[in-house]
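Following: one structure in structure tokens, then a few remarks.
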Amino acid sequence: MNTGKKITRFLVWLGVVILQLIMTQVVTFVLSLLIPGMGDFPQTHPALFVVILGITFSTGVFLAGWLALKYRWLTTEPKYPVRLVATIIGAYLPLILALIVYEELEPGNPFFAISMLTSILGFHIPGWVGK
């Protein structure tokens, strides 16, 4: 594979990762509009807040990744069930750790960004392992 194709493949992969990050925020925003009082959940119901964030982060990452695989932006094997499980595990591990470490989950907690990135990593790892 020549250098131009490698650079193009890397840029496409980077674009998919950015799209996955954006989708985590979009899905979280849409769900926050649908659930009344979600702005108070970090203080009043932190465990429920972690469950909701895990769902929205993993949904956003998986949907964007699924689109990338469907339209052949990514050229790895689909392995959808494995990717979904790895995405969910990647989203929940940092959030559960944050729930243990912090008494109150405040907006801007670094574990939220870590959770988004590990869920993206969880989505992409099954495609890398088989190679």
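Labels used: A, B, ... for chains in the order of the structure tokens, numbers from 1 for residues in each chain, and numbers from 1 for ligands as shown.
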Do you know which residues are at most 9 Å from Arg83 of chain A counting only C-alpha atoms, after dropping those on the same chain fewer than 5 positions away, and could you put them as a count of residues only? 9
Counting only C-alpha atoms, which residue out of A:Pro46, A:Val12, A:Val26, A:Leu19 sits closest to Tyr102 of chain A?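 Ranked by minimum distance to Tyr102 of chain A, first place goes to A:Pro46.
When atom CA of Ser115 of chain A is paired with atom CA of Leu69 of chain A, their separation reads 21.9 Å.
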For the structure I just gave you, how does DSSP split chain A - specifically, which residues are alpha helix (DSSP H)? Reply as a ChimeraX atom specification. /A:3-34,41-44,46-70,80-101,110-129
Find the spatial neighbours of Leu14 of chain A, counting only C-alpha atoms, within a cut-off of 12 Å - ignore same-chain residues fewer than 5 positions away - and output them as number ranges by chain. A: 7-9, 19-21, 65, 68, 73-74, 120, 124
Selected residues, all heavy atoms, written as a tab-separated table (two decimals), in the first residue's frame, please.
```
chain	number	residue	atom	x	y	z
A	7	ILE	N	-2.25	7.53	4.17
A	7	ILE	CA	-2.64	8.83	4.72
A	7	ILE	C	-4.15	9.03	4.57
A	7	ILE	O	-4.82	9.47	5.51
A	7	ILE	CB	-1.85	9.96	4.04
A	7	ILE	CG1	-0.37	9.90	4.46
A	7	ILE	CG2	-2.44	11.33	4.39
A	7	ILE	CD1	0.52	10.84	3.71
A	8	THR	N	-4.68	8.66	3.42
A	8	THR	CA	-6.13	8.79	3.21
A	8	THR	C	-6.90	7.91	4.18
A	8	THR	O	-7.89	8.34	4.77
A	8	THR	CB	-6.49	8.41	1.76
A	8	THR	OG1	-5.76	9.25	0.87
A	8	THR	CG2	-7.98	8.57	1.51
A	9	ARG	N	-6.46	6.68	4.36
A	9	ARG	CA	-7.13	5.76	5.28
A	9	ARG	C	-7.08	6.30	6.71
A	9	ARG	O	-8.04	6.21	7.46
A	9	ARG	CB	-6.48	4.39	5.21
A	9	ARG	CG	-7.21	3.37	6.06
A	9	ARG	CD	-6.66	2.01	5.87
A	9	ARG	NE	-7.22	1.46	4.65
A	9	ARG	CZ	-6.94	0.27	4.19
A	9	ARG	NH1	-6.07	-0.49	4.82
A	9	ARG	NH2	-7.49	-0.17	3.09
A	19	LEU	N	-16.49	12.03	14.23
A	19	LEU	CA	-17.94	11.86	14.10
A	19	LEU	C	-18.50	11.08	15.30
A	19	LEU	O	-19.57	11.42	15.81
A	19	LEU	CB	-18.26	11.12	12.80
A	19	LEU	CG	-19.74	10.83	12.55
A	19	LEU	CD1	-20.53	12.13	12.39
A	19	LEU	CD2	-19.89	9.94	11.32
A	20	GLN	N	-17.79	10.09	15.78
A	20	GLN	CA	-18.24	9.35	16.95
A	20	GLN	C	-18.28	10.23	18.19
A	20	GLN	O	-19.21	10.14	18.99
A	20	GLN	CB	-17.35	8.12	17.18
A	20	GLN	CG	-17.58	7.03	16.16
A	20	GLN	CD	-16.62	5.88	16.33
A	20	GLN	OE1	-15.42	6.07	16.54
A	20	GLN	NE2	-17.15	4.67	16.22
A	21	LEU	N	-17.27	11.07	18.36
A	21	LEU	CA	-17.29	12.01	19.49
A	21	LEU	C	-18.48	12.96	19.41
A	21	LEU	O	-19.15	13.24	20.41
A	21	LEU	CB	-15.99	12.82	19.54
A	21	LEU	CG	-14.77	12.12	20.12
A	21	LEU	CD1	-13.53	12.96	19.90
A	21	LEU	CD2	-14.97	11.85	21.59
A	65	GLY	N	-20.15	4.55	14.19
A	65	GLY	CA	-19.29	3.49	13.69
A	65	GLY	C	-20.02	2.55	12.75
A	65	GLY	O	-19.46	2.09	11.75
A	68	ALA	N	-20.22	4.19	9.47
A	68	ALA	CA	-18.91	4.16	8.81
A	68	ALA	C	-18.63	2.79	8.20
A	68	ALA	O	-18.06	2.68	7.11
A	68	ALA	CB	-17.82	4.52	9.81
A	73	TRP	N	-16.58	3.41	4.91
A	73	TRP	CA	-15.55	4.38	5.27
A	73	TRP	C	-14.44	3.67	6.03
A	73	TRP	O	-13.28	4.05	5.93
A	73	TRP	CB	-16.12	5.51	6.12
A	73	TRP	CG	-17.19	6.30	5.44
A	73	TRP	CD1	-17.41	6.43	4.10
A	73	TRP	CD2	-18.22	7.06	6.08
A	73	TRP	NE1	-18.49	7.22	3.87
A	73	TRP	CE2	-19.02	7.63	5.06
A	73	TRP	CE3	-18.56	7.31	7.38
A	73	TRP	CZ2	-20.10	8.43	5.34
A	73	TRP	CZ3	-19.64	8.12	7.66
A	73	TRP	CH2	-20.40	8.66	6.63
A	74	LEU	N	-14.82	2.67	6.81
A	74	LEU	CA	-13.86	1.80	7.48
A	74	LEU	C	-13.85	0.47	6.74
A	74	LEU	O	-14.91	-0.05	6.39
A	74	LEU	CB	-14.24	1.58	8.95
A	74	LEU	CG	-14.26	2.82	9.84
A	74	LEU	CD1	-14.76	2.45	11.23
A	74	LEU	CD2	-12.89	3.45	9.93
A	120	ILE	N	-14.96	4.64	22.17
A	120	ILE	CA	-14.49	4.67	20.78
A	120	ILE	C	-13.40	3.62	20.57
A	120	ILE	O	-13.39	2.89	19.59
A	120	ILE	CB	-14.01	6.08	20.38
A	120	ILE	CG1	-15.20	7.04	20.32
A	120	ILE	CG2	-13.26	6.06	19.05
A	120	ILE	CD1	-14.82	8.49	20.16
A	124	HIS	N	-13.30	0.20	18.06
A	124	HIS	CA	-12.30	-0.07	17.02
A	124	HIS	C	-11.41	-1.28	17.31
A	124	HIS	O	-10.86	-1.87	16.39
A	124	HIS	CB	-11.42	1.17	16.80
A	124	HIS	CG	-12.17	2.28	16.14
A	124	HIS	ND1	-12.37	2.32	14.79
A	124	HIS	CD2	-12.78	3.38	16.65
A	124	HIS	CE1	-13.08	3.41	14.49
A	124	HIS	NE2	-13.34	4.06	15.59
```
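Note that atom CA of Ile55 of chain A and atom CA of Ser119 of chain A are 10.8 Å apart.
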For a quick check of understanding, using only C-alpha atoms, which of A:Gln43, A:Thr3, A:Ser58, A:Thr87 has the smallest distance to Pro107 of chain A?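 Of all the options, A:Gln43 lies closest to Pro107 of chain A.
When atom CA of Ala91 of chain A is paired with atom CA of Leu33 of chain A, their separation reads 21.1 Å.
Taking only C-alpha atoms into account, Asn109 of chain A lies nearest to A:Val50 out of the set A:Val82, A:Leu63, A:Val50, A:Val129.
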Got a sec: who's within 9 Å of Leu121 of chain A, counting only C-alpha atoms, leaving out chain neighbours fewer than 5 positions off, as a list in words? Ala86, Thr87, Gly90 and Met116 of chain A
Dump all heavy atoms for the selected residues as an mmCIF file, in the first residue's frame?
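In the end it all went to again.cif:
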```
data_model
loop_
_atom_site.group_PDB
_atom_site.id
_atom_site.type_symbol
_atom_site.label_atom_id
_atom_site.label_comp_id
_atom_site.auth_asym_id
_atom_site.auth_seq_id
_atom_site.Cartn_x
_atom_site.Cartn_y
_atom_site.Cartn_z
ATOM 1 N N ALA A 86 -17.977 -4.337 23.248
ATOM 2 C CA ALA A 86 -16.743 -3.618 23.578
ATOM 3 C C ALA A 86 -17.002 -2.127 23.760
ATOM 4 O O ALA A 86 -16.409 -1.484 24.639
ATOM 5 C CB ALA A 86 -15.697 -3.842 22.491
ATOM 6 N N THR A 87 -17.911 -1.567 22.978
ATOM 7 C CA THR A 87 -18.264 -0.153 23.125
ATOM 8 C C THR A 87 -18.952 0.097 24.460
ATOM 9 O O THR A 87 -18.650 1.075 25.154
ATOM 10 C CB THR A 87 -19.183 0.280 21.965
ATOM 11 O OG1 THR A 87 -18.505 0.057 20.731
ATOM 12 C CG2 THR A 87 -19.548 1.746 22.065
ATOM 13 N N GLY A 90 -16.382 -0.202 27.211
ATOM 14 C CA GLY A 90 -15.522 0.975 27.189
ATOM 15 C C GLY A 90 -16.199 2.220 27.726
ATOM 16 O O GLY A 90 -15.557 3.081 28.317
ATOM 17 N N MET A 116 -15.879 8.577 26.835
ATOM 18 C CA MET A 116 -16.138 8.690 25.402
ATOM 19 C C MET A 116 -14.994 8.091 24.595
ATOM 20 O O MET A 116 -15.220 7.356 23.627
ATOM 21 C CB MET A 116 -16.343 10.158 25.012
ATOM 22 C CG MET A 116 -17.660 10.735 25.466
ATOM 23 S SD MET A 116 -17.930 12.412 24.877
ATOM 24 C CE MET A 116 -17.072 13.348 26.128
#
```
Taking only C-alpha atoms into account, name the residue in A:Tyr80, A:Thr44, A:Thr59, A:Ile18 that is nearest to Leu117 of chain A.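 When distances to Leu117 of chain A are compared using only C-alpha atoms, the smallest one comes from A:Ile18.
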Which neighbours of Gly60 of chain A fall inside 7 Å, counting only C-alpha atoms, when residues of the same chain fewer than 6 positions from it are skipped, and could you give them as a list in words?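 After dropping sequence-adjacent residues, the list is Gln20, Met23, Thr24 and Val27 of chain A.
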How would the residues just picked look written out with N, CA, C and O atoms as an mmCIF file, in the first residue's frame?
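What follows is the written file again-v9.cif:
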```
data_model
loop_
_atom_site.group_PDB
_atom_site.id
_atom_site.type_symbol
_atom_site.label_atom_id
_atom_site.label_comp_id
_atom_site.auth_asym_id
_atom_site.auth_seq_id
_atom_site.Cartn_x
_atom_site.Cartn_y
_atom_site.Cartn_z
ATOM 1 N N GLN A 20 -17.785 10.086 15.781
ATOM 2 C CA GLN A 20 -18.243 9.345 16.947
ATOM 3 C C GLN A 20 -18.276 10.226 18.190
ATOM 4 O O GLN A 20 -19.213 10.145 18.990
ATOM 5 N N MET A 23 -21.296 12.431 17.866
ATOM 6 C CA MET A 23 -22.536 11.683 18.077
ATOM 7 C C MET A 23 -22.797 11.377 19.551
ATOM 8 O O MET A 23 -23.946 11.313 19.979
ATOM 9 N N THR A 24 -21.735 11.191 20.347
ATOM 10 C CA THR A 24 -21.965 10.995 21.781
ATOM 11 C C THR A 24 -22.631 12.224 22.375
ATOM 12 O O THR A 24 -23.547 12.108 23.204
ATOM 13 N N VAL A 27 -26.428 12.524 20.946
ATOM 14 C CA VAL A 27 -27.358 11.583 21.574
ATOM 15 C C VAL A 27 -27.612 11.983 23.033
ATOM 16 O O VAL A 27 -28.745 11.918 23.506
#
```
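Among the candidate residues A:Phe112, A:Phe49, A:Trp128, A:Tyr92, the one lying nearest to Gln25 of chain A is A:Phe112, with distances computed using only C-alpha atoms.
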One residue among A:Trp13, A:Phe57, A:Phe41, A:Tyr71 is nearest to Ile89 of chain A when using only C-alpha atoms, and that residue is A:Phe57
